[in-house]
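Participant: Next up is a structure, given as structure tokens.
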Amino acid sequence: MRRLPKTLVLGGIITVIMIGAALLSRFWTPADPTGMNIMARLKAPGEVGLLGTDQIGRDVLSIIMSGAWTSLGIASTATLVGGGIGTVFGVMAAAKGGWVERLVMTFNGVLFAFPPILSAILLGALLGPGAVTSMVAIGVFMIPVFARVTRAAAIQIWARDYVKAARMAGKQDTLITLEHVLPNISAQLIVQLAIQTGLGILSEAGLSFLGMGVSPPTPSWGRMLSESQTYLSSAPHLVLAPGLAIAITVLGLNLLGDGLRDLTDPRRRQTT
Amino acid sequence: MLLASLVIFLLIEAAPGDPAEIMLGTSAQPDTLAALRAELGLDRPLMVRYAHWLGGVMTGDLGQSYTYGVAVTELIAQRFTVTLPLTLMATMLAVTVSLPLGVMAAARPGKAGDGLATVFSQIGIAVPNFWIGLLLILGFAVKVRWFPPGGFPGLEAGFGAALGALVLPSIALAIPQAAVLTRVTRAAVIEVTNEDFVRTARAKGLSRRRALWRHTVPNALLPVVTMLGLQIPFLISGAVLVENVFSLPGIGTLAYQALSQRDLIVVQNVVLLFVAIVLVVNAGTDALYARLDPRLRGRR
């Protein structure tokens with residue numbers, strides 16, 4: 001039996017644990033993530049709860065678990081929607097070429113110049129902060145990323161003999177794209193999905209850190225970090241826990257993406 | 001660039017909030033508000049305002065900030081003296097760390113150096129730069145007090161003091177960049193090492209080290225330069241966050257503060273500036289790419 005790449009196994013385990021924690025938080029957390037207890041404020045890990053309490057006595061582990069739902073939910077939705085739109089643009093550019101391709105690539109160039117933080121600043125002016133602003137800002141950035149990857153991969157498929165034969169036989173571009181191109185590039189798209197979701201989590205955390213993400217009392221890792229700044233010396237656990245949660249989740253998704261790439265394209269194993 | 005400017009202008013125009021009301025306050029008389037609107041040109045048609053703004057961008061007249069009461073150009077120029085050295089220091093640091101680390105990893109794949117580089121790049125990519133910033137403050141400003149925890153004394157306080165204030169922020173900004181560049185350098189060097197011309201150079205008797213530095217590394221720089229260009233949007237996003245962590249009065253902080261104060265003319269111009277930087281750097285990267293790889297010149 002073929003051995004799975006170590007990165008895939010490790011990344012898969014981390015991702016499953018984080019998704020599991022996010023799902024579990026919908027039904028159960030050790031304490032109420034929004035429940036204040038001023039008498040038990042800024043308690044160290046182990047003293048009250050596994051990861052201690054925050055500045056208003058909320059259980060840090062419970063907020064981290066609920067924050068996983070917020071982070072993963074926003075990042076994966078934005079990546080799926082933005083990635084989906086980008087994929088459509090990418091396959092269109094590869095299939096049609098000519099002015100369609102030039103138009104798509106110009107549009108991509110413009111979108112790519114708007115990193116999530118800038119989009120969020122612009123959208124924040126229009127819509128105000130919130131989950132929708134975060135999702136749109138992250139999603140908009142995913143469009144050119146996926147369009148580029150999809151176009152590059154799809155062009156290679158369009159150059160294959162059986163695709164050329166299908167075209168010469170009179171098969172429509174849309175059908176060729178659906179039957180031949182997309183199935184052949186799906187592995188690359190899944191790899192991108194994993195890696196870009198990680199980037200989405202980093203962006204969501206950044207936006208929440210700046211106060212442009214989800215509004216309180218919805219738990220968020222980025223806002224936890226922002227609030228922890230005041231208690232850096234007195235309660236360092238408030239800085240460590242959410243930062244580690246973000247880093248471990250993104251690391252898991254990146255390893256998963258790398259592992260999937262190694263699995264689907266073993267030639268790249270040495271270089272990545 | 002024109003398309004991007006139109007997008008920015010329309011989004012800001014659609015945003016709620018009357019600039020005249022922001023400048024004069026909600027208790028201002030309707031006729032005073034109307035007079036200020038006319039003075040600011042807000043009563044003119046949309047496309048006239050857009051053309052006027054574009055004209056201003058060309059001549060360096062970006063209008064007056066609603067809340068600071070000074071010219072936006074002056075405001076941006078003032079804040080640029082923080083953001084520019086910060087991003088340059090971070091980029092230099094990232095390149096200085098990543099190139100040797102990536103080459104070292106690729107020179108001996110599977111050995112300890114390679115493992116170190118791989119772990120560094122995986123962790124560096126996953127860790128948010130604003131968290132690194134907080135950890136650096138905790139370690140080097142709160143615990144051992146080697147560097148200030150935040151703020152920028154300005155160049156008038158002396159070069160050393162200004163540089164000292166930017167050390168921790170630039171490290172925070174550089175680590176994720178260095179991680180990405182290490183990964184790309186390693187992959188590029190391994191790929192070029194397997195090329196025929198490197199094998200020929202080795203067969204002709206060139207030592208491994210000489211072949212690496214003379215033939216492999218120069219040819220592996222292409223994807224590294226591309227990635228450096230592609231990293232600019234992330235560098236800008238990172239700068240906004242890191243400036244916030246370290247309370248640096250840079251352009252990122254300006255954009256963020258302007259948004260919270262509904263000073264939309266500042267937001268509009270800062271976003272345009274950042275977008276222009278990304279587009280110009282990307283175009284510059286393409287040009288540099290062609291210079292580094294003569295094979296690409298014929299394709300243009």
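Letters for chains follow the order of the structure tokens (A, B, ...), residue numbers begin at 1 for each chain, and ligand numbers begin at 1 in the order shown.
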Please list as an mmCIF file with C-alpha atoms, in the first residue's frame every residue within 7 Å of Val103 in chain B, counting only C-alpha atoms and excluding residues in the same chain fewer than 2 positions away.

Facilitator:
```cif
data_model
loop_
_atom_site.group_PDB
_atom_site.id
_atom_site.type_symbol
_atom_site.label_atom_id
_atom_site.label_comp_id
_atom_site.auth_asym_id
_atom_site.auth_seq_id
_atom_site.Cartn_x
_atom_site.Cartn_y
_atom_site.Cartn_z
ATOM 1 C CA LEU B 99 18.466 33.674 0.715
ATOM 2 C CA PRO B 100 21.307 31.991 2.672
ATOM 3 C CA LEU B 101 18.826 29.772 4.526
ATOM 4 C CA ALA B 105 18.687 23.970 2.633
ATOM 5 C CA ALA B 106 18.786 23.237 -1.089
ATOM 6 C CA ALA B 107 22.526 22.522 -1.134
ATOM 7 C CA THR B 185 14.562 29.957 -2.729
ATOM 8 C CA ARG B 186 14.970 26.352 -1.618
ATOM 9 C CA VAL B 189 17.734 26.195 -6.163
#
```

Participant: When the cut-off is 6 Å and we count only C-alpha atoms, which residues of chain B are near chain A, given as a ChimeraX atom specification?

Facilitator: /B:4,15,126-127,131,187,233,237,275,278

Participant: Kindly give the distance, in Å, that separates CA of Lys6 in chain A and CA of Glu191 in chain B, rounded to a single decimal.

Facilitator: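 The value is 22.0 Å.
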
Participant: Just want the 10 Å neighbourhood of range 46-54 of chain A, counted on only C-alpha atoms, with same-chain residues fewer than 2 positions away dropped. Output as a ChimeraX atom specification.

Facilitator: /A:30-31,36-38,40-44,56-64,224,227-228,231,235,237-238,240-241

Participant: Output N, CA and C atoms of each residue in that selection to a file, as a short mmCIF file (atom, residue, chain, number, x, y, z; two decimals), in the first residue's frame.

Facilitator:
```
data_model
loop_
_atom_site.label_atom_id
_atom_site.label_comp_id
_atom_site.auth_asym_id
_atom_site.auth_seq_id
_atom_site.Cartn_x
_atom_site.Cartn_y
_atom_site.Cartn_z
N PRO A 30 -16.47 24.20 27.69
CA PRO A 30 -16.29 23.99 29.13
C PRO A 30 -17.07 25.01 29.97
N ALA A 31 -17.20 26.24 29.46
CA ALA A 31 -17.98 27.28 30.15
C ALA A 31 -18.64 28.14 29.08
N MET A 36 -19.49 36.45 31.81
CA MET A 36 -18.47 37.18 32.59
C MET A 36 -18.45 36.69 34.04
N ASN A 37 -17.28 36.77 34.64
CA ASN A 37 -17.13 36.47 36.07
C ASN A 37 -15.97 37.33 36.59
N ILE A 38 -16.33 38.55 37.01
CA ILE A 38 -15.31 39.53 37.40
C ILE A 38 -14.43 39.02 38.55
N ALA A 40 -13.29 36.16 38.94
CA ALA A 40 -12.27 35.22 38.46
C ALA A 40 -11.53 35.78 37.26
N ARG A 41 -11.29 37.10 37.23
CA ARG A 41 -10.64 37.70 36.06
C ARG A 41 -9.12 37.47 36.05
N LEU A 42 -8.58 37.36 34.84
CA LEU A 42 -7.13 37.22 34.60
C LEU A 42 -6.48 36.07 35.39
N LYS A 43 -7.21 34.97 35.52
CA LYS A 43 -6.64 33.80 36.21
C LYS A 43 -5.73 33.05 35.24
N ALA A 44 -4.63 32.52 35.79
CA ALA A 44 -3.64 31.81 34.97
C ALA A 44 -4.19 30.44 34.55
N ILE A 56 -12.36 39.85 31.77
CA ILE A 56 -13.67 39.94 32.42
C ILE A 56 -14.12 38.57 32.93
N GLY A 57 -13.14 37.70 33.09
CA GLY A 57 -13.41 36.41 33.72
C GLY A 57 -14.01 35.35 32.81
N ARG A 58 -13.96 35.56 31.50
CA ARG A 58 -14.49 34.53 30.60
C ARG A 58 -13.46 33.41 30.45
N ASP A 59 -13.95 32.19 30.24
CA ASP A 59 -13.06 31.03 30.11
C ASP A 59 -12.35 31.08 28.74
N VAL A 60 -11.00 31.13 28.76
CA VAL A 60 -10.25 31.31 27.51
C VAL A 60 -10.43 30.13 26.56
N LEU A 61 -10.42 28.89 27.12
CA LEU A 61 -10.58 27.71 26.25
C LEU A 61 -11.92 27.76 25.51
N SER A 62 -12.97 28.17 26.22
CA SER A 62 -14.29 28.24 25.59
C SER A 62 -14.31 29.28 24.47
N ILE A 63 -13.64 30.42 24.71
CA ILE A 63 -13.62 31.46 23.66
C ILE A 63 -12.80 30.96 22.46
N ILE A 64 -11.70 30.25 22.76
CA ILE A 64 -10.86 29.72 21.67
C ILE A 64 -11.68 28.74 20.82
N MET A 224 -9.42 38.70 20.49
CA MET A 224 -8.80 38.27 21.76
C MET A 224 -7.39 38.84 21.85
N GLU A 227 -7.46 42.58 22.48
CA GLU A 227 -7.80 42.91 23.88
C GLU A 227 -6.67 42.55 24.84
N SER A 228 -5.85 41.56 24.42
CA SER A 228 -4.79 41.10 25.32
C SER A 228 -3.65 42.10 25.46
N TYR A 231 -2.88 43.64 28.73
CA TYR A 231 -2.49 42.77 29.85
C TYR A 231 -1.24 41.95 29.51
N ALA A 235 -0.90 39.19 32.23
CA ALA A 235 -1.56 37.93 31.84
C ALA A 235 -1.10 37.49 30.45
N HIS A 237 -0.80 34.73 29.17
CA HIS A 237 -1.53 33.60 28.57
C HIS A 237 -2.60 34.09 27.60
N LEU A 238 -3.06 35.33 27.80
CA LEU A 238 -4.09 35.89 26.91
C LEU A 238 -3.52 36.17 25.51
N LEU A 240 -0.77 34.29 24.35
CA LEU A 240 -0.28 33.02 23.81
C LEU A 240 -1.40 32.15 23.23
N ALA A 241 -2.51 32.02 23.97
CA ALA A 241 -3.55 31.06 23.56
C ALA A 241 -4.14 31.35 22.18
#
```

Participant: Can you write out as a tab-separated table which residues of range 53-148 of chain B fall within 8 Å of range 261-267 of chain B, alongside each residue's closest atom pair and its distance in Å to one decimal, counting only C-alpha atoms and ordering rows by chain and ascending residue number?

Facilitator:
```
residue	atom	partner	partner_atom	distance
B:Gly63	CA	B:Ile265	CA	7.5
B:Gln64	CA	B:Ile265	CA	7.7
B:Ser65	CA	B:Val266	CA	6.1
B:Tyr66	CA	B:Asp263	CA	5.5
B:Thr67	CA	B:Asp263	CA	6.2
B:Val72	CA	B:Val266	CA	6.3
```

Participant: Keeping C-alpha atoms for every residue in the selection just given, could you write it to a file as a PDB file, in the first residue's frame?

Facilitator:
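Result file follows (part13.pdb):
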```pdb
ATOM      1  CA  GLY B  63      -7.527  67.691  -1.127  1.00  0.00           C
ATOM      2  CA  GLN B  64      -7.912  68.582   2.523  1.00  0.00           C
ATOM      3  CA  SER B  65      -8.369  66.073   5.347  1.00  0.00           C
ATOM      4  CA  TYR B  66     -11.824  66.471   6.982  1.00  0.00           C
ATOM      5  CA  THR B  67     -10.543  65.820  10.497  1.00  0.00           C
ATOM      6  CA  VAL B  72      -3.795  64.962   2.474  1.00  0.00           C
TER       7      VAL B  72
END
```

Participant: As an exercise, work out the distance from CA of Ile143 in chain A to CA of Gly90 in chain A in Å and give it to one decimal place.

Facilitator: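 Result for CA of Ile143 in chain A versus CA of Gly90 in chain A: 9.2 Å, one decimal.
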
Participant: Excluding Val240 in chain B and its own-chain neighbours fewer than 6 positions away, which residues fall within 10 Å of it when counting only C-alpha atoms? Please give them as an MDAnalysis selection string.

Facilitator: (chainID A and resid 117:118 206 210) or (chainID B and resid 83 130 234 248 250:256)

Participant: Show me, as a ChimeraX atom specification, the residues that have an atom within 10 Å of Thr285 in chain B when counting only C-alpha atoms, minus same-chain residues fewer than 5 positions from it.

Facilitator: /B:222,225-230,279-280,290-291

Participant: Could you please determine the separation between CA of Arg209 in chain B and CA of Leu116 in chain B in Å, to one decimal place?

Facilitator: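 About the pair CA of Arg209 in chain B and CA of Leu116 in chain B: they are 20.2 Å apart.
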
Participant: From the set A:Ala94, A:Met168, A:Thr87, A:Ala187, which residue has the shortest atom-to-atom contact distance to Val145 in chain A, counting only C-alpha atoms?

Facilitator: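 The answer is A:Thr87, which sits nearest to Val145 in chain A.
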
Participant: Run DSSP on the backbone and give me the residues of range 76-268 of chain B it puts in alpha helix (DSSP H), as a PyMOL selection string.

Facilitator: chain B and resi 76-107+112-126+129-136+159-193+196-203+208-211+217-230+232-245+251-260+264-268

Participant: Keeping only C-alpha atoms, write those residues as a compact mmCIF listing (two decimals), in the first residue's frame.

Facilitator:
```
# COMPACT_ATOMS: atom_id res chain seq x y z
CA ILE B 76 0.69 61.06 3.64
CA ALA B 77 4.23 62.39 3.13
CA GLN B 78 4.61 62.81 6.90
CA ARG B 79 3.43 59.25 7.63
CA PHE B 80 5.50 57.81 4.80
CA THR B 81 8.66 58.63 6.76
CA VAL B 82 7.64 55.81 9.12
CA THR B 83 6.11 53.26 6.75
CA LEU B 84 8.86 53.43 4.11
CA PRO B 85 11.81 52.67 6.42
CA LEU B 86 9.70 50.04 8.20
CA THR B 87 8.87 48.12 5.01
CA LEU B 88 12.38 48.55 3.58
CA MET B 89 13.99 47.28 6.78
CA ALA B 90 11.59 44.33 6.86
CA THR B 91 12.25 43.45 3.21
CA MET B 92 16.03 43.72 3.65
CA LEU B 93 15.89 41.57 6.75
CA ALA B 94 13.67 39.00 5.02
CA VAL B 95 16.01 38.75 2.02
CA THR B 96 19.14 38.61 4.21
CA VAL B 97 17.74 35.70 6.22
CA SER B 98 15.90 33.79 3.52
CA LEU B 99 18.47 33.67 0.71
CA PRO B 100 21.31 31.99 2.67
CA LEU B 101 18.83 29.77 4.53
CA GLY B 102 17.08 28.67 1.33
CA VAL B 103 20.37 28.04 -0.50
CA MET B 104 21.80 26.15 2.50
CA ALA B 105 18.69 23.97 2.63
CA ALA B 106 18.79 23.24 -1.09
CA ALA B 107 22.53 22.52 -1.13
CA ALA B 112 19.84 19.31 9.37
CA GLY B 113 20.03 22.69 7.62
CA ASP B 114 17.21 21.69 5.29
CA GLY B 115 15.10 20.57 8.23
CA LEU B 116 15.71 23.87 10.01
CA ALA B 117 14.77 25.87 6.92
CA THR B 118 11.62 23.79 6.34
CA VAL B 119 10.47 24.15 9.95
CA PHE B 120 11.20 27.90 9.86
CA SER B 121 9.27 28.41 6.63
CA GLN B 122 6.27 26.31 7.70
CA ILE B 123 5.97 28.05 11.07
CA GLY B 124 6.81 31.51 9.71
CA ILE B 125 4.05 31.31 7.10
CA ALA B 126 1.49 30.15 9.68
CA ASN B 129 2.79 39.01 12.11
CA PHE B 130 0.80 41.02 14.65
CA TRP B 131 1.12 38.11 17.10
CA ILE B 132 4.89 38.00 16.49
CA GLY B 133 4.83 41.73 17.26
CA LEU B 134 3.06 41.16 20.58
CA LEU B 135 5.50 38.37 21.51
CA LEU B 136 8.47 40.61 20.63
CA PHE B 159 18.85 58.26 13.80
CA GLY B 160 19.61 55.69 16.52
CA ALA B 161 16.39 56.31 18.44
CA ALA B 162 14.29 56.20 15.25
CA LEU B 163 16.00 53.02 14.09
CA GLY B 164 15.60 51.44 17.54
CA ALA B 165 11.85 52.06 17.42
CA LEU B 166 11.62 50.22 14.10
CA VAL B 167 13.72 47.14 15.00
CA LEU B 168 10.97 45.03 16.60
CA PRO B 169 8.24 46.08 14.10
CA SER B 170 10.48 45.25 11.14
CA ILE B 171 11.33 41.82 12.62
CA ALA B 172 7.59 41.13 13.07
CA LEU B 173 6.93 42.19 9.51
CA ALA B 174 9.94 40.32 8.10
CA ILE B 175 9.39 36.84 9.57
CA PRO B 176 6.42 35.77 7.40
CA GLN B 177 8.10 37.29 4.33
CA ALA B 178 11.36 35.49 5.11
CA ALA B 179 9.48 32.21 5.57
CA VAL B 180 7.86 32.45 2.12
CA LEU B 181 11.11 33.51 0.45
CA THR B 182 13.10 30.70 2.13
CA ARG B 183 10.63 28.18 0.76
CA VAL B 184 10.74 29.64 -2.75
CA THR B 185 14.56 29.96 -2.73
CA ARG B 186 14.97 26.35 -1.62
CA ALA B 187 12.59 25.04 -4.28
CA ALA B 188 14.15 27.19 -7.02
CA VAL B 189 17.73 26.20 -6.16
CA ILE B 190 16.83 22.48 -6.09
CA GLU B 191 15.11 22.82 -9.45
CA VAL B 192 18.04 24.63 -11.10
CA THR B 193 20.56 22.18 -9.57
CA ASP B 196 21.72 20.17 -17.58
CA PHE B 197 23.92 23.27 -17.55
CA VAL B 198 24.69 22.82 -13.85
CA ARG B 199 25.47 19.15 -14.40
CA THR B 200 27.78 20.16 -17.29
CA ALA B 201 29.54 22.72 -15.10
CA ARG B 202 30.11 20.04 -12.46
CA ALA B 203 31.30 17.55 -15.12
CA ARG B 208 29.95 21.93 -5.87
CA ARG B 209 30.23 25.27 -4.02
CA ARG B 210 31.45 27.16 -7.11
CA ALA B 211 28.77 25.65 -9.36
CA VAL B 217 21.92 30.65 -7.45
CA PRO B 218 21.91 33.41 -10.14
CA ASN B 219 19.50 31.33 -12.22
CA ALA B 220 17.34 30.49 -9.23
CA LEU B 221 16.81 34.17 -8.44
CA LEU B 222 13.99 34.53 -10.99
CA PRO B 223 11.19 32.94 -8.95
CA VAL B 224 12.57 34.61 -5.81
CA VAL B 225 12.28 38.06 -7.42
CA THR B 226 8.76 37.22 -8.64
CA MET B 227 7.75 36.14 -5.16
CA LEU B 228 9.25 39.29 -3.69
CA GLY B 229 6.94 41.29 -5.98
CA LEU B 230 3.93 39.10 -5.21
CA ILE B 232 3.94 43.36 -1.69
CA PRO B 233 0.18 43.15 -0.97
CA PHE B 234 0.99 41.06 2.11
CA LEU B 235 3.74 43.45 3.14
CA ILE B 236 1.26 46.35 2.99
CA SER B 237 -1.40 44.41 4.92
CA GLY B 238 1.26 43.42 7.42
CA ALA B 239 2.43 47.03 7.78
CA VAL B 240 -1.12 48.17 8.66
CA LEU B 241 -1.30 45.53 11.41
CA VAL B 242 2.26 45.90 12.73
CA GLU B 243 1.98 49.70 12.86
CA ASN B 244 -1.17 49.21 14.92
CA VAL B 245 0.57 46.82 17.36
CA ILE B 251 0.30 55.22 6.65
CA GLY B 252 -1.42 52.02 7.79
CA THR B 253 -2.37 53.64 11.09
CA LEU B 254 -3.47 56.75 9.19
CA ALA B 255 -5.84 54.69 6.99
CA TYR B 256 -7.25 52.88 9.99
CA GLN B 257 -7.72 56.07 12.03
CA ALA B 258 -9.22 57.89 9.03
CA LEU B 259 -11.74 55.07 8.63
CA SER B 260 -12.81 55.27 12.27
CA LEU B 264 -13.03 59.29 3.75
CA ILE B 265 -10.89 61.53 1.56
CA VAL B 266 -7.83 60.26 3.46
CA VAL B 267 -9.04 56.63 3.19
CA GLN B 268 -9.61 57.09 -0.55
```

Participant: Using only C-alpha atoms, determine which residues lie at most 12 Å from Arg49 in chain B, disregarding the query and same-chain residues fewer than 3 positions distant; provide the list as a count of residues only.

Facilitator: 18
